[in-house]
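All remarks here apply to the structure that follows.
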Amino acid sequence: MQESTSGASAKGKPTFFSEEYWNRFAEIWNTAEFRHSLAGLGVVRFEVTEHSSDPAYMYWDKDGVAKLVDETDRSVTRFSATLPNWHSFISGELPAAKAVIQGRIVFRGNLVHINRYRTAFEHLAEVARAVEQ
């Protein structure tokens with residue numbers, strides 16, 4: 001994975017957390033059998049804490065279809081982590097719930113709302129791995 005957050009890497013893969021990366025993520029997510037697992041989630045802000053780049057705002061609609069959206073209300077569900085912690089999560093080394101409990105991925109938002117999706121977040125890592133292949 002690349003450590004930059006914009007553009008494309010030299011290998012032709014989308015640069016980690018770039019607009020191209022998230023658009024590819026949505027493309028893969030929307031064809032996956034499990035896409036309904038995040039149906040109705042709404043907007044989620046993802047950010048790399050040690051970079052000054054813009055966070056990504058992904059939206060999951062009532063059918064679980066994902067798309068990258070422009071910045072929205074900053075009070076939306078938010079996940080932030082260092083680049084090494086995102087890599088650990090995506091690789092499968094660090095499960096989502098454990099990452100949040102340990103503070104390696106910081107969650108801000110409505111815990112009651114997000115709790116119903118807790119098991120589906122492992123699919124995010126699965127799709128992120130596919131983006132990078």
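Chain identifiers are assigned as A, B, and so on, following the order in which chains appear in the structure tokens; residues are numbered from 1 within each chain, and ligands are numbered from 1 in order of appearance.
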
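Near segment 101-111 of chain A, within 6 Å and counting only C-alpha atoms, sit Thr77, Arg78, Phe79, Ser80, Ala81 and Asn115 of chain A; same-chain residues fewer than 4 positions away were not included.
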
Which neighbours of Glu122 of chain A fall inside 8 Å, counting only C-alpha atoms, when residues of the same chain fewer than 3 positions from it are skipped, and could you give them as number ranges by chain? A: 95-96, 119, 125-126

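Close contacts of segment 60-73 of chain A, defined as residues with an atom at most 7 Å away when counting only C-alpha atoms, with chain neighbours fewer than 4 positions off set aside, comprise Trp22, Asn23, Ala26, Trp29, Asn30, Arg35, His36, Ser37, Leu38, Ala39, Gly40, Leu41, Gly42 and Val43 of chain A.
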